[in-house]
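S.K.: Just one file: query08.cif, with mmCIF, N, CA and C atoms.
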data_upload
#
loop_
_atom_site.label_atom_id
_atom_site.label_comp_id
_atom_site.auth_asym_id
_atom_site.auth_seq_id
_atom_site.Cartn_x
_atom_site.Cartn_y
_atom_site.Cartn_z
N MET A 21 7.68 12.78 2.07
CA MET A 21 6.25 12.49 2.14
C MET A 21 5.96 11.76 3.43
N GLU A 22 4.98 12.18 4.11
CA GLU A 22 4.54 11.53 5.34
C GLU A 22 3.83 10.23 4.98
N THR A 23 4.16 9.17 5.65
CA THR A 23 3.40 7.95 5.44
C THR A 23 2.26 7.94 6.43
N GLY A 24 1.16 7.49 6.01
CA GLY A 24 -0.01 7.49 6.89
C GLY A 24 -1.15 8.17 6.19
N ASN A 25 -1.71 9.18 6.78
CA ASN A 25 -2.87 9.87 6.22
C ASN A 25 -2.40 10.93 5.24
N ASP A 26 -2.46 10.63 3.97
CA ASP A 26 -2.04 11.57 2.96
C ASP A 26 -3.21 11.83 2.04
N PRO A 27 -3.88 12.98 2.22
CA PRO A 27 -5.13 13.23 1.51
C PRO A 27 -5.01 13.30 -0.01
N ASP A 28 -3.81 13.56 -0.56
CA ASP A 28 -3.71 13.65 -2.01
C ASP A 28 -3.45 12.30 -2.67
N ILE A 29 -3.36 11.24 -1.90
CA ILE A 29 -3.20 9.90 -2.46
C ILE A 29 -4.50 9.13 -2.20
N SER A 30 -5.28 8.97 -3.24
CA SER A 30 -6.58 8.30 -3.10
C SER A 30 -6.38 6.81 -2.84
N PRO A 31 -7.38 6.17 -2.26
CA PRO A 31 -7.29 4.73 -2.04
C PRO A 31 -7.01 3.96 -3.34
N ARG A 32 -7.56 4.41 -4.44
CA ARG A 32 -7.31 3.72 -5.72
C ARG A 32 -5.85 3.84 -6.13
N LYS A 33 -5.27 5.05 -5.95
CA LYS A 33 -3.85 5.24 -6.28
C LYS A 33 -2.98 4.39 -5.37
N VAL A 34 -3.38 4.25 -4.12
CA VAL A 34 -2.63 3.40 -3.20
C VAL A 34 -2.64 1.96 -3.72
N GLU A 35 -3.76 1.50 -4.25
CA GLU A 35 -3.83 0.15 -4.81
C GLU A 35 -2.85 0.01 -5.97
N TYR A 36 -2.75 1.02 -6.82
CA TYR A 36 -1.78 0.99 -7.93
C TYR A 36 -0.35 0.94 -7.39
N LEU A 37 -0.06 1.74 -6.39
CA LEU A 37 1.29 1.76 -5.80
C LEU A 37 1.63 0.40 -5.19
N LYS A 38 0.68 -0.19 -4.49
CA LYS A 38 0.92 -1.51 -3.88
C LYS A 38 1.18 -2.55 -4.98
N TYR A 39 0.43 -2.46 -6.06
CA TYR A 39 0.63 -3.38 -7.19
C TYR A 39 2.04 -3.22 -7.77
N LEU A 40 2.44 -1.97 -7.99
CA LEU A 40 3.78 -1.72 -8.52
C LEU A 40 4.86 -2.27 -7.58
N CYS A 41 4.67 -2.07 -6.30
CA CYS A 41 5.64 -2.54 -5.30
C CYS A 41 5.73 -4.07 -5.32
N GLU A 42 4.60 -4.72 -5.38
CA GLU A 42 4.59 -6.18 -5.37
C GLU A 42 5.15 -6.77 -6.66
N LYS A 43 5.02 -6.06 -7.76
CA LYS A 43 5.58 -6.53 -9.03
C LYS A 43 7.09 -6.30 -9.09
N GLY A 44 7.55 -5.21 -8.45
CA GLY A 44 8.99 -4.90 -8.50
C GLY A 44 9.40 -4.53 -9.92
N GLY A 45 10.47 -3.78 -10.05
CA GLY A 45 10.96 -3.42 -11.37
C GLY A 45 9.98 -2.56 -12.15
N ARG A 46 10.11 -2.64 -13.46
CA ARG A 46 9.26 -1.85 -14.34
C ARG A 46 7.99 -2.61 -14.71
N VAL A 47 6.89 -1.87 -14.79
CA VAL A 47 5.60 -2.45 -15.15
C VAL A 47 5.02 -1.62 -16.28
N ARG A 48 4.47 -2.30 -17.27
CA ARG A 48 3.88 -1.60 -18.40
C ARG A 48 2.49 -1.06 -18.05
N THR A 49 2.15 0.06 -18.65
CA THR A 49 0.84 0.67 -18.45
C THR A 49 -0.28 -0.32 -18.78
N THR A 50 -0.11 -1.07 -19.86
CA THR A 50 -1.15 -2.01 -20.26
C THR A 50 -1.34 -3.13 -19.22
N ASP A 51 -0.24 -3.51 -18.55
CA ASP A 51 -0.37 -4.54 -17.51
C ASP A 51 -1.18 -4.03 -16.33
N ILE A 52 -0.96 -2.78 -15.95
CA ILE A 52 -1.72 -2.19 -14.84
C ILE A 52 -3.18 -2.07 -15.24
N ALA A 53 -3.43 -1.59 -16.46
CA ALA A 53 -4.80 -1.43 -16.95
C ALA A 53 -5.53 -2.77 -16.95
N ARG A 54 -4.85 -3.81 -17.37
CA ARG A 54 -5.45 -5.14 -17.40
C ARG A 54 -5.74 -5.63 -15.98
N GLU A 55 -4.79 -5.46 -15.07
CA GLU A 55 -4.95 -5.92 -13.69
C GLU A 55 -6.16 -5.27 -13.00
N PHE A 56 -6.37 -3.97 -13.26
CA PHE A 56 -7.44 -3.24 -12.58
C PHE A 56 -8.68 -3.03 -13.45
N SER A 57 -8.67 -3.63 -14.64
CA SER A 57 -9.81 -3.55 -15.57
C SER A 57 -10.23 -2.11 -15.84
N VAL A 58 -9.24 -1.29 -16.19
CA VAL A 58 -9.51 0.10 -16.56
C VAL A 58 -8.84 0.40 -17.89
N ASP A 59 -9.25 1.47 -18.48
CA ASP A 59 -8.70 1.91 -19.76
C ASP A 59 -7.26 2.37 -19.57
N PRO A 60 -6.35 2.06 -20.49
CA PRO A 60 -4.97 2.53 -20.37
C PRO A 60 -4.83 4.04 -20.21
N SER A 61 -5.77 4.81 -20.76
CA SER A 61 -5.70 6.27 -20.61
C SER A 61 -5.90 6.67 -19.15
N THR A 62 -6.70 5.90 -18.42
CA THR A 62 -6.90 6.15 -16.99
C THR A 62 -5.58 5.95 -16.25
N ILE A 63 -4.87 4.90 -16.61
CA ILE A 63 -3.57 4.61 -15.98
C ILE A 63 -2.56 5.70 -16.33
N THR A 64 -2.56 6.15 -17.56
CA THR A 64 -1.63 7.20 -17.97
C THR A 64 -1.85 8.47 -17.15
N LYS A 65 -3.10 8.84 -16.94
CA LYS A 65 -3.41 10.02 -16.13
C LYS A 65 -2.96 9.82 -14.69
N MET A 66 -3.22 8.66 -14.13
CA MET A 66 -2.82 8.36 -12.77
C MET A 66 -1.30 8.37 -12.63
N ILE A 67 -0.61 7.84 -13.61
CA ILE A 67 0.86 7.81 -13.58
C ILE A 67 1.41 9.23 -13.60
N GLN A 68 0.81 10.10 -14.38
CA GLN A 68 1.24 11.50 -14.40
C GLN A 68 1.09 12.14 -13.02
N GLU A 69 -0.02 11.87 -12.36
CA GLU A 69 -0.26 12.43 -11.02
C GLU A 69 0.72 11.86 -10.00
N LEU A 70 0.95 10.56 -10.06
CA LEU A 70 1.90 9.94 -9.12
C LEU A 70 3.34 10.38 -9.41
N SER A 71 3.62 10.65 -10.67
CA SER A 71 4.95 11.16 -11.03
C SER A 71 5.15 12.56 -10.48
N CYS A 72 4.14 13.41 -10.60
CA CYS A 72 4.21 14.77 -10.04
C CYS A 72 4.38 14.74 -8.52
N ALA A 73 3.85 13.70 -7.88
CA ALA A 73 3.98 13.55 -6.42
C ALA A 73 5.34 12.95 -6.04
N GLY A 74 6.13 12.58 -7.05
CA GLY A 74 7.45 12.02 -6.78
C GLY A 74 7.45 10.56 -6.38
N LEU A 75 6.37 9.83 -6.71
CA LEU A 75 6.26 8.44 -6.29
C LEU A 75 6.63 7.43 -7.36
N VAL A 76 6.53 7.83 -8.63
CA VAL A 76 6.88 6.94 -9.73
C VAL A 76 7.67 7.69 -10.81
N THR A 77 8.36 6.91 -11.62
CA THR A 77 8.95 7.45 -12.84
C THR A 77 8.37 6.65 -14.00
N HIS A 78 8.27 7.30 -15.14
CA HIS A 78 7.70 6.65 -16.31
C HIS A 78 8.57 6.95 -17.51
N GLU A 79 9.01 5.90 -18.16
CA GLU A 79 9.73 6.03 -19.42
C GLU A 79 8.84 5.46 -20.50
N PRO A 80 8.37 6.31 -21.42
CA PRO A 80 7.49 5.81 -22.47
C PRO A 80 8.10 4.59 -23.17
N TYR A 81 7.29 3.59 -23.40
CA TYR A 81 7.64 2.32 -24.04
C TYR A 81 8.57 1.44 -23.19
N HIS A 82 8.93 1.88 -22.00
CA HIS A 82 9.79 1.07 -21.12
C HIS A 82 9.08 0.72 -19.81
N GLY A 83 8.12 1.52 -19.41
CA GLY A 83 7.34 1.18 -18.24
C GLY A 83 7.43 2.17 -17.10
N ILE A 84 6.84 1.77 -16.01
CA ILE A 84 6.69 2.60 -14.81
C ILE A 84 7.42 1.89 -13.67
N CYS A 85 8.09 2.66 -12.85
CA CYS A 85 8.68 2.08 -11.65
C CYS A 85 8.57 3.07 -10.51
N LEU A 86 8.62 2.54 -9.31
CA LEU A 86 8.53 3.37 -8.11
C LEU A 86 9.85 4.09 -7.85
N THR A 87 9.77 5.31 -7.38
CA THR A 87 10.96 6.02 -6.90
C THR A 87 11.27 5.46 -5.50
N ASP A 88 12.38 5.88 -4.92
CA ASP A 88 12.69 5.44 -3.56
C ASP A 88 11.58 5.85 -2.60
N THR A 89 11.09 7.08 -2.75
CA THR A 89 9.98 7.55 -1.92
C THR A 89 8.74 6.71 -2.16
N GLY A 90 8.47 6.40 -3.42
CA GLY A 90 7.33 5.56 -3.77
C GLY A 90 7.44 4.17 -3.19
N LYS A 91 8.65 3.60 -3.18
CA LYS A 91 8.85 2.27 -2.60
C LYS A 91 8.57 2.29 -1.10
N ARG A 92 9.06 3.31 -0.42
CA ARG A 92 8.82 3.40 1.03
C ARG A 92 7.33 3.55 1.32
N TYR A 93 6.67 4.43 0.57
CA TYR A 93 5.25 4.66 0.80
C TYR A 93 4.42 3.42 0.47
N ALA A 94 4.70 2.80 -0.67
CA ALA A 94 3.96 1.59 -1.06
C ALA A 94 4.21 0.47 -0.07
N GLY A 95 5.45 0.33 0.38
CA GLY A 95 5.77 -0.70 1.38
C GLY A 95 5.00 -0.48 2.66
N TYR A 96 4.91 0.79 3.07
CA TYR A 96 4.12 1.11 4.26
C TYR A 96 2.64 0.77 4.04
N CYS A 97 2.11 1.09 2.87
CA CYS A 97 0.69 0.81 2.58
C CYS A 97 0.41 -0.69 2.61
N ILE A 98 1.35 -1.49 2.12
CA ILE A 98 1.19 -2.94 2.16
C ILE A 98 1.21 -3.42 3.60
N LYS A 99 2.16 -2.91 4.39
CA LYS A 99 2.25 -3.27 5.80
C LYS A 99 0.95 -2.89 6.52
N ARG A 100 0.47 -1.67 6.27
CA ARG A 100 -0.75 -1.19 6.93
C ARG A 100 -1.91 -2.15 6.64
N HIS A 101 -2.07 -2.54 5.38
CA HIS A 101 -3.15 -3.44 5.01
C HIS A 101 -3.00 -4.79 5.71
N ARG A 102 -1.79 -5.32 5.72
CA ARG A 102 -1.56 -6.64 6.31
C ARG A 102 -1.74 -6.65 7.82
N ILE A 103 -1.30 -5.59 8.49
CA ILE A 103 -1.49 -5.49 9.95
C ILE A 103 -2.98 -5.41 10.27
N LEU A 104 -3.70 -4.54 9.55
CA LEU A 104 -5.13 -4.39 9.83
C LEU A 104 -5.91 -5.66 9.51
N SER A 105 -5.58 -6.31 8.40
CA SER A 105 -6.26 -7.56 8.05
C SER A 105 -6.02 -8.63 9.11
N LEU A 106 -4.77 -8.75 9.54
CA LEU A 106 -4.44 -9.73 10.56
C LEU A 106 -5.17 -9.42 11.87
N MET A 107 -5.21 -8.15 12.23
CA MET A 107 -5.91 -7.75 13.44
C MET A 107 -7.39 -8.17 13.37
N LEU A 108 -8.01 -7.95 12.22
CA LEU A 108 -9.43 -8.29 12.08
C LEU A 108 -9.69 -9.79 12.18
N THR A 109 -8.72 -10.61 11.77
CA THR A 109 -8.92 -12.06 11.91
C THR A 109 -8.95 -12.46 13.38
N HIS A 110 -8.29 -11.68 14.23
CA HIS A 110 -8.32 -11.95 15.67
C HIS A 110 -9.71 -11.67 16.27
N TYR A 111 -10.53 -10.95 15.52
CA TYR A 111 -11.89 -10.64 15.98
C TYR A 111 -12.95 -11.44 15.22
N GLY A 112 -12.54 -12.55 14.64
CA GLY A 112 -13.49 -13.48 14.04
C GLY A 112 -13.77 -13.32 12.56
N PHE A 113 -13.13 -12.39 11.89
CA PHE A 113 -13.33 -12.25 10.45
C PHE A 113 -12.57 -13.35 9.71
N SER A 114 -13.15 -13.86 8.64
CA SER A 114 -12.41 -14.80 7.78
C SER A 114 -11.32 -14.00 7.07
N HIS A 115 -10.39 -14.71 6.46
CA HIS A 115 -9.32 -14.02 5.74
C HIS A 115 -9.87 -13.10 4.66
N GLU A 116 -10.84 -13.58 3.92
CA GLU A 116 -11.42 -12.78 2.84
C GLU A 116 -12.15 -11.56 3.39
N GLN A 117 -12.93 -11.78 4.44
CA GLN A 117 -13.66 -10.66 5.06
C GLN A 117 -12.69 -9.64 5.63
N ALA A 118 -11.64 -10.09 6.30
CA ALA A 118 -10.67 -9.19 6.91
C ALA A 118 -9.97 -8.34 5.85
N CYS A 119 -9.60 -8.96 4.77
CA CYS A 119 -8.94 -8.23 3.68
C CYS A 119 -9.87 -7.18 3.09
N ALA A 120 -11.12 -7.55 2.85
CA ALA A 120 -12.09 -6.61 2.28
C ALA A 120 -12.38 -5.47 3.26
N GLU A 121 -12.58 -5.79 4.53
CA GLU A 121 -12.87 -4.76 5.52
C GLU A 121 -11.70 -3.79 5.67
N ALA A 122 -10.49 -4.32 5.73
CA ALA A 122 -9.31 -3.46 5.87
C ALA A 122 -9.22 -2.49 4.70
N SER A 123 -9.56 -2.95 3.53
CA SER A 123 -9.51 -2.08 2.34
C SER A 123 -10.47 -0.91 2.45
N HIS A 124 -11.56 -1.08 3.19
CA HIS A 124 -12.56 -0.01 3.34
C HIS A 124 -12.07 1.15 4.19
N PHE A 125 -11.22 0.89 5.18
CA PHE A 125 -10.86 1.97 6.10
C PHE A 125 -9.36 2.20 6.27
N GLU A 126 -8.51 1.40 5.65
CA GLU A 126 -7.07 1.49 5.90
C GLU A 126 -6.48 2.86 5.62
N SER A 127 -6.99 3.58 4.66
CA SER A 127 -6.41 4.88 4.32
C SER A 127 -6.65 5.92 5.41
N ARG A 128 -7.54 5.62 6.34
CA ARG A 128 -7.84 6.55 7.43
C ARG A 128 -7.00 6.30 8.69
N VAL A 129 -6.21 5.23 8.69
CA VAL A 129 -5.45 4.85 9.88
C VAL A 129 -4.04 5.44 9.80
N SER A 130 -3.63 6.13 10.86
CA SER A 130 -2.32 6.80 10.88
C SER A 130 -1.18 5.80 11.03
N LYS A 131 0.00 6.23 10.67
CA LYS A 131 1.20 5.41 10.85
C LYS A 131 1.42 5.13 12.33
N GLU A 132 1.20 6.11 13.18
CA GLU A 132 1.36 5.89 14.62
C GLU A 132 0.45 4.77 15.10
N ALA A 133 -0.79 4.75 14.65
CA ALA A 133 -1.73 3.70 15.05
C ALA A 133 -1.25 2.34 14.55
N ILE A 134 -0.79 2.28 13.30
CA ILE A 134 -0.29 1.02 12.74
C ILE A 134 0.91 0.54 13.54
N ASP A 135 1.82 1.45 13.85
CA ASP A 135 3.01 1.06 14.63
C ASP A 135 2.62 0.52 16.00
N ARG A 136 1.64 1.15 16.64
CA ARG A 136 1.21 0.69 17.97
C ARG A 136 0.50 -0.66 17.90
N ILE A 137 -0.31 -0.85 16.87
CA ILE A 137 -0.98 -2.14 16.69
C ILE A 137 0.07 -3.22 16.45
N CYS A 138 1.06 -2.90 15.64
CA CYS A 138 2.13 -3.84 15.33
C CYS A 138 2.88 -4.25 16.60
N VAL A 139 3.20 -3.27 17.43
CA VAL A 139 3.88 -3.55 18.70
C VAL A 139 3.00 -4.44 19.57
N ALA A 140 1.73 -4.09 19.69
CA ALA A 140 0.80 -4.86 20.53
C ALA A 140 0.65 -6.30 20.04
N MET A 141 0.80 -6.50 18.73
CA MET A 141 0.69 -7.84 18.16
C MET A 141 2.02 -8.59 18.20
N GLY A 142 3.06 -7.94 18.73
CA GLY A 142 4.36 -8.60 18.83
C GLY A 142 5.15 -8.62 17.54
N HIS A 143 4.96 -7.61 16.71
CA HIS A 143 5.65 -7.49 15.41
C HIS A 143 5.52 -8.78 14.58
N PRO A 144 4.30 -9.13 14.17
CA PRO A 144 4.12 -10.36 13.41
C PRO A 144 4.91 -10.32 12.10
N GLY A 145 5.43 -11.45 11.70
CA GLY A 145 6.20 -11.54 10.46
C GLY A 145 5.37 -11.95 9.27
N GLN A 146 4.19 -12.50 9.53
CA GLN A 146 3.35 -13.00 8.45
C GLN A 146 1.91 -12.56 8.68
N GLY A 147 1.32 -11.96 7.66
CA GLY A 147 -0.09 -11.61 7.70
C GLY A 147 -0.87 -12.58 6.85
N ILE A 148 -2.15 -12.35 6.71
CA ILE A 148 -2.98 -13.26 5.90
C ILE A 148 -2.71 -13.08 4.41
N CYS A 149 -2.17 -11.91 4.03
CA CYS A 149 -1.90 -11.62 2.62
C CYS A 149 -0.42 -11.77 2.26
N GLY A 150 0.43 -12.02 3.23
CA GLY A 150 1.85 -12.15 2.95
C GLY A 150 2.72 -11.64 4.08
N GLU A 151 4.00 -11.54 3.79
CA GLU A 151 4.99 -11.12 4.78
C GLU A 151 4.74 -9.68 5.24
N ILE A 152 4.97 -9.45 6.53
CA ILE A 152 4.87 -8.11 7.10
C ILE A 152 6.27 -7.63 7.40
N THR A 153 6.64 -6.50 6.82
CA THR A 153 7.96 -5.93 7.07
C THR A 153 7.83 -4.86 8.16
N HIS A 154 8.93 -4.57 8.81
CA HIS A 154 8.94 -3.61 9.91
C HIS A 154 10.00 -2.55 9.64
N ASP A 155 9.65 -1.30 9.95
CA ASP A 155 10.59 -0.20 9.77
C ASP A 155 11.04 0.32 11.13
N ASP A 156 11.97 1.25 11.12
CA ASP A 156 12.49 1.79 12.37
C ASP A 156 11.39 2.39 13.24
N GLY A 157 10.46 3.11 12.66
CA GLY A 157 9.39 3.72 13.43
C GLY A 157 8.57 2.70 14.17
N CYS A 158 8.31 1.59 13.53
CA CYS A 158 7.54 0.51 14.14
C CYS A 158 8.34 -0.13 15.27
N LEU A 159 9.58 -0.43 14.99
CA LEU A 159 10.40 -1.12 15.99
C LEU A 159 10.81 -0.22 17.14
N ASP A 160 10.77 1.10 16.92
CA ASP A 160 11.15 2.06 17.98
C ASP A 160 9.97 2.48 18.83
N THR A 161 8.75 2.10 18.45
CA THR A 161 7.57 2.51 19.20
C THR A 161 7.51 1.74 20.51
N PRO A 162 7.50 2.45 21.63
CA PRO A 162 7.44 1.75 22.92
C PRO A 162 6.09 1.05 23.09
N PRO A 163 6.09 -0.08 23.77
CA PRO A 163 4.80 -0.76 24.01
C PRO A 163 3.88 0.13 24.83
N THR A 164 2.59 0.02 24.56
CA THR A 164 1.61 0.80 25.33
C THR A 164 1.38 0.12 26.66
N PRO A 165 1.25 0.90 27.74
CA PRO A 165 1.05 0.30 29.06
C PRO A 165 -0.28 -0.39 29.21
#
What does this structure look like when you write it as structure tokens?
M.R.:
Amino acid sequence: METGNDPDISPRKVEYLKYLCEKGGRVRTTDIAREFSVDPSTITKMIQELSCAGLVTHEPYHGICLTDTGKRYAGYCIKRHRILSLMLTHYGFSHEQACAEASHFESRVSKEAIDRICVAMGHPGQGICGEITHDDGCLDTPPTP
């Protein structure tokens, strides 16, 4: 799966993936439903779609967990959000405003753009929402002239 602009992963599904990644391990459907204030049947449908995409596994009565591909994609989505939020604070946005604004457009930003922004920012280790991790693609991107 390409990380970056993936039209079959909606922004809402990305939020679920980021939640699963941040929780680590197995998460119950009811916990996700409670966190996002949605009906458990909505979560069940979403889990089926993410499972078909190879991003999660679900064992009834045991919970949901990310696959290796899901972990990489969710980790990238968290990094993308944190890089964009941090960038926006450099332009005068408060932490809350930066986080909200980044959520509006982050799904439209390519991995290449995130990697270049990360390089330009000097590979920050901490964003306003938490730690920023770096992958080979980010660290291998040459600085822009």
S.K.: List, as a short mmCIF file (atom, residue, chain, number, x, y, z; two decimals) with N, CA and C atoms, in the frame of the given file, every residue that the PyMOL selection byres (((chain A and resi 95-98 and name CA) around 9) and name CA) selects in the file provided.
M.R.:
data_model
loop_
_atom_site.label_atom_id
_atom_site.label_comp_id
_atom_site.auth_asym_id
_atom_site.auth_seq_id
_atom_site.Cartn_x
_atom_site.Cartn_y
_atom_site.Cartn_z
N THR A 23 4.16 9.17 5.65
CA THR A 23 3.40 7.95 5.44
C THR A 23 2.26 7.94 6.43
N GLY A 24 1.16 7.49 6.01
CA GLY A 24 -0.01 7.49 6.89
C GLY A 24 -1.15 8.17 6.19
N VAL A 34 -3.38 4.25 -4.12
CA VAL A 34 -2.63 3.40 -3.20
C VAL A 34 -2.64 1.96 -3.72
N GLU A 35 -3.76 1.50 -4.25
CA GLU A 35 -3.83 0.15 -4.81
C GLU A 35 -2.85 0.01 -5.97
N LEU A 37 -0.06 1.74 -6.39
CA LEU A 37 1.29 1.76 -5.80
C LEU A 37 1.63 0.40 -5.19
N LYS A 38 0.68 -0.19 -4.49
CA LYS A 38 0.92 -1.51 -3.88
C LYS A 38 1.18 -2.55 -4.98
N CYS A 41 4.67 -2.07 -6.30
CA CYS A 41 5.64 -2.54 -5.30
C CYS A 41 5.73 -4.07 -5.32
N GLU A 42 4.60 -4.72 -5.38
CA GLU A 42 4.59 -6.18 -5.37
C GLU A 42 5.15 -6.77 -6.66
N GLY A 90 8.47 6.40 -3.42
CA GLY A 90 7.33 5.56 -3.77
C GLY A 90 7.44 4.17 -3.19
N LYS A 91 8.65 3.60 -3.18
CA LYS A 91 8.85 2.27 -2.60
C LYS A 91 8.57 2.29 -1.10
N ARG A 92 9.06 3.31 -0.42
CA ARG A 92 8.82 3.40 1.03
C ARG A 92 7.33 3.55 1.32
N TYR A 93 6.67 4.43 0.57
CA TYR A 93 5.25 4.66 0.80
C TYR A 93 4.42 3.42 0.47
N ALA A 94 4.70 2.80 -0.67
CA ALA A 94 3.96 1.59 -1.06
C ALA A 94 4.21 0.47 -0.07
N LYS A 99 2.16 -2.91 4.39
CA LYS A 99 2.25 -3.27 5.80
C LYS A 99 0.95 -2.89 6.52
N ARG A 100 0.47 -1.67 6.27
CA ARG A 100 -0.75 -1.19 6.93
C ARG A 100 -1.91 -2.15 6.64
N HIS A 101 -2.07 -2.54 5.38
CA HIS A 101 -3.15 -3.44 5.01
C HIS A 101 -3.00 -4.79 5.71
N ARG A 102 -1.79 -5.32 5.72
CA ARG A 102 -1.56 -6.64 6.31
C ARG A 102 -1.74 -6.65 7.82
N ILE A 103 -1.30 -5.59 8.49
CA ILE A 103 -1.49 -5.49 9.95
C ILE A 103 -2.98 -5.41 10.27
N GLU A 126 -8.51 1.40 5.65
CA GLU A 126 -7.07 1.49 5.90
C GLU A 126 -6.48 2.86 5.62
N SER A 127 -6.99 3.58 4.66
CA SER A 127 -6.41 4.88 4.32
C SER A 127 -6.65 5.92 5.41
N LYS A 131 0.00 6.23 10.67
CA LYS A 131 1.20 5.41 10.85
C LYS A 131 1.42 5.13 12.33
N ILE A 152 4.97 -9.45 6.53
CA ILE A 152 4.87 -8.11 7.10
C ILE A 152 6.27 -7.63 7.40
N THR A 153 6.64 -6.50 6.82
CA THR A 153 7.96 -5.93 7.07
C THR A 153 7.83 -4.86 8.16
N HIS A 154 8.93 -4.57 8.81
CA HIS A 154 8.94 -3.61 9.91
C HIS A 154 10.00 -2.55 9.64
N ASP A 155 9.65 -1.30 9.95
CA ASP A 155 10.59 -0.20 9.77
C ASP A 155 11.04 0.32 11.13
#
S.K.: Between A:Thr89, A:Ile148, A:Leu104, A:Thr49, which has the minimum distance to A:Gly74 (counting only C-alpha atoms)?
M.R.: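 Of A:Thr89, A:Ile148, A:Leu104, A:Thr49, the one nearest A:Gly74 is A:Thr89, counting only C-alpha atoms.
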S.K.: Find the residue from A:Ile137, A:Leu108, A:Ile63, A:Val47 that sits nearest to A:Tyr81; use only C-alpha atoms when measuring.
M.R.: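 Ranking A:Ile137, A:Leu108, A:Ile63, A:Val47 by distance to A:Tyr81, first place goes to A:Val47.
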S.K.: For atom CA of A:Pro60 and atom CA of A:Ile29, determine how far apart the two atoms are, in Å to one decimal place.
M.R.: 19.4 Å
S.K.: Could you check how far atom C of A:Cys149 sits from atom CA of A:Ser30, in Å to one decimal?
M.R.: 21.7 Å
S.K.: Out of chain A, which residues get strand (DSSP E or B) from DSSP, as an MDAnalysis selection string?
M.R.: chainID A and resid 47 76:79 83:86 146 151
S.K.: Please provide as a list in words all residues within 10 Å of A:Leu70, with the sequence filter that same-chain residues fewer than 3 positions apart are discarded (counting only C-alpha atoms).
M.R.: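 Within the cut-off, the hits are Asp28, Ile29, Lys33, Val34, Tyr36, Leu37, Thr64, Lys65, Met66, Ile67, Ala73, Gly74, Leu75, Val76, Thr77, His78, Leu86 and Gly90 of chain A.
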S.K.: Write the residues of the selection above to a file with N, CA and C atoms, as an mmCIF file, keeping the file's coordinate frame.
M.R.:
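To be explicit, this is the file written out as out-v1.cif:
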data_model
loop_
_atom_site.group_PDB
_atom_site.id
_atom_site.type_symbol
_atom_site.label_atom_id
_atom_site.label_comp_id
_atom_site.auth_asym_id
_atom_site.auth_seq_id
_atom_site.Cartn_x
_atom_site.Cartn_y
_atom_site.Cartn_z
ATOM 1 N N ASP A 28 -3.810 13.560 -0.560
ATOM 2 C CA ASP A 28 -3.710 13.650 -2.010
ATOM 3 C C ASP A 28 -3.450 12.300 -2.670
ATOM 4 N N ILE A 29 -3.360 11.240 -1.900
ATOM 5 C CA ILE A 29 -3.200 9.900 -2.460
ATOM 6 C C ILE A 29 -4.500 9.130 -2.200
ATOM 7 N N LYS A 33 -5.270 5.050 -5.950
ATOM 8 C CA LYS A 33 -3.850 5.240 -6.280
ATOM 9 C C LYS A 33 -2.980 4.390 -5.370
ATOM 10 N N VAL A 34 -3.380 4.250 -4.120
ATOM 11 C CA VAL A 34 -2.630 3.400 -3.200
ATOM 12 C C VAL A 34 -2.640 1.960 -3.720
ATOM 13 N N TYR A 36 -2.750 1.020 -6.820
ATOM 14 C CA TYR A 36 -1.780 0.990 -7.930
ATOM 15 C C TYR A 36 -0.350 0.940 -7.390
ATOM 16 N N LEU A 37 -0.060 1.740 -6.390
ATOM 17 C CA LEU A 37 1.290 1.760 -5.800
ATOM 18 C C LEU A 37 1.630 0.400 -5.190
ATOM 19 N N THR A 64 -2.560 6.150 -17.560
ATOM 20 C CA THR A 64 -1.630 7.200 -17.970
ATOM 21 C C THR A 64 -1.850 8.470 -17.150
ATOM 22 N N LYS A 65 -3.100 8.840 -16.940
ATOM 23 C CA LYS A 65 -3.410 10.020 -16.130
ATOM 24 C C LYS A 65 -2.960 9.820 -14.690
ATOM 25 N N MET A 66 -3.220 8.660 -14.130
ATOM 26 C CA MET A 66 -2.820 8.360 -12.770
ATOM 27 C C MET A 66 -1.300 8.370 -12.630
ATOM 28 N N ILE A 67 -0.610 7.840 -13.610
ATOM 29 C CA ILE A 67 0.860 7.810 -13.580
ATOM 30 C C ILE A 67 1.410 9.230 -13.600
ATOM 31 N N ALA A 73 3.850 13.700 -7.880
ATOM 32 C CA ALA A 73 3.980 13.550 -6.420
ATOM 33 C C ALA A 73 5.340 12.950 -6.040
ATOM 34 N N GLY A 74 6.130 12.580 -7.050
ATOM 35 C CA GLY A 74 7.450 12.020 -6.780
ATOM 36 C C GLY A 74 7.450 10.560 -6.380
ATOM 37 N N LEU A 75 6.370 9.830 -6.710
ATOM 38 C CA LEU A 75 6.260 8.440 -6.290
ATOM 39 C C LEU A 75 6.630 7.430 -7.360
ATOM 40 N N VAL A 76 6.530 7.830 -8.630
ATOM 41 C CA VAL A 76 6.880 6.940 -9.730
ATOM 42 C C VAL A 76 7.670 7.690 -10.810
ATOM 43 N N THR A 77 8.360 6.910 -11.620
ATOM 44 C CA THR A 77 8.950 7.450 -12.840
ATOM 45 C C THR A 77 8.370 6.650 -14.000
ATOM 46 N N HIS A 78 8.270 7.300 -15.140
ATOM 47 C CA HIS A 78 7.700 6.650 -16.310
ATOM 48 C C HIS A 78 8.570 6.950 -17.510
ATOM 49 N N LEU A 86 8.620 2.540 -9.310
ATOM 50 C CA LEU A 86 8.530 3.370 -8.110
ATOM 51 C C LEU A 86 9.850 4.090 -7.850
ATOM 52 N N GLY A 90 8.470 6.400 -3.420
ATOM 53 C CA GLY A 90 7.330 5.560 -3.770
ATOM 54 C C GLY A 90 7.440 4.170 -3.190
#
S.K.: Which value, in Å to one decimal, gives the distance between atom N of A:Ala133 and atom N of A:Glu69?
M.R.: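 Straight-line distance from atom N of A:Ala133 to atom N of A:Glu69 works out to 27.9 Å.
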S.K.: Between A:Pro31, A:Ala120, A:Arg128, A:Leu40, single out the one closest to A:Thr87, counting only C-alpha atoms.
M.R.: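 Ranked by minimum distance to A:Thr87, first place goes to A:Leu40.
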S.K.: For A:Cys158, please output as an MDAnalysis selection string all residues within 7 Å (counting only N, CA and C atoms; exclusion window: fewer than 6 positions along the same chain).
M.R.: chainID A and resid 134:136 138:139
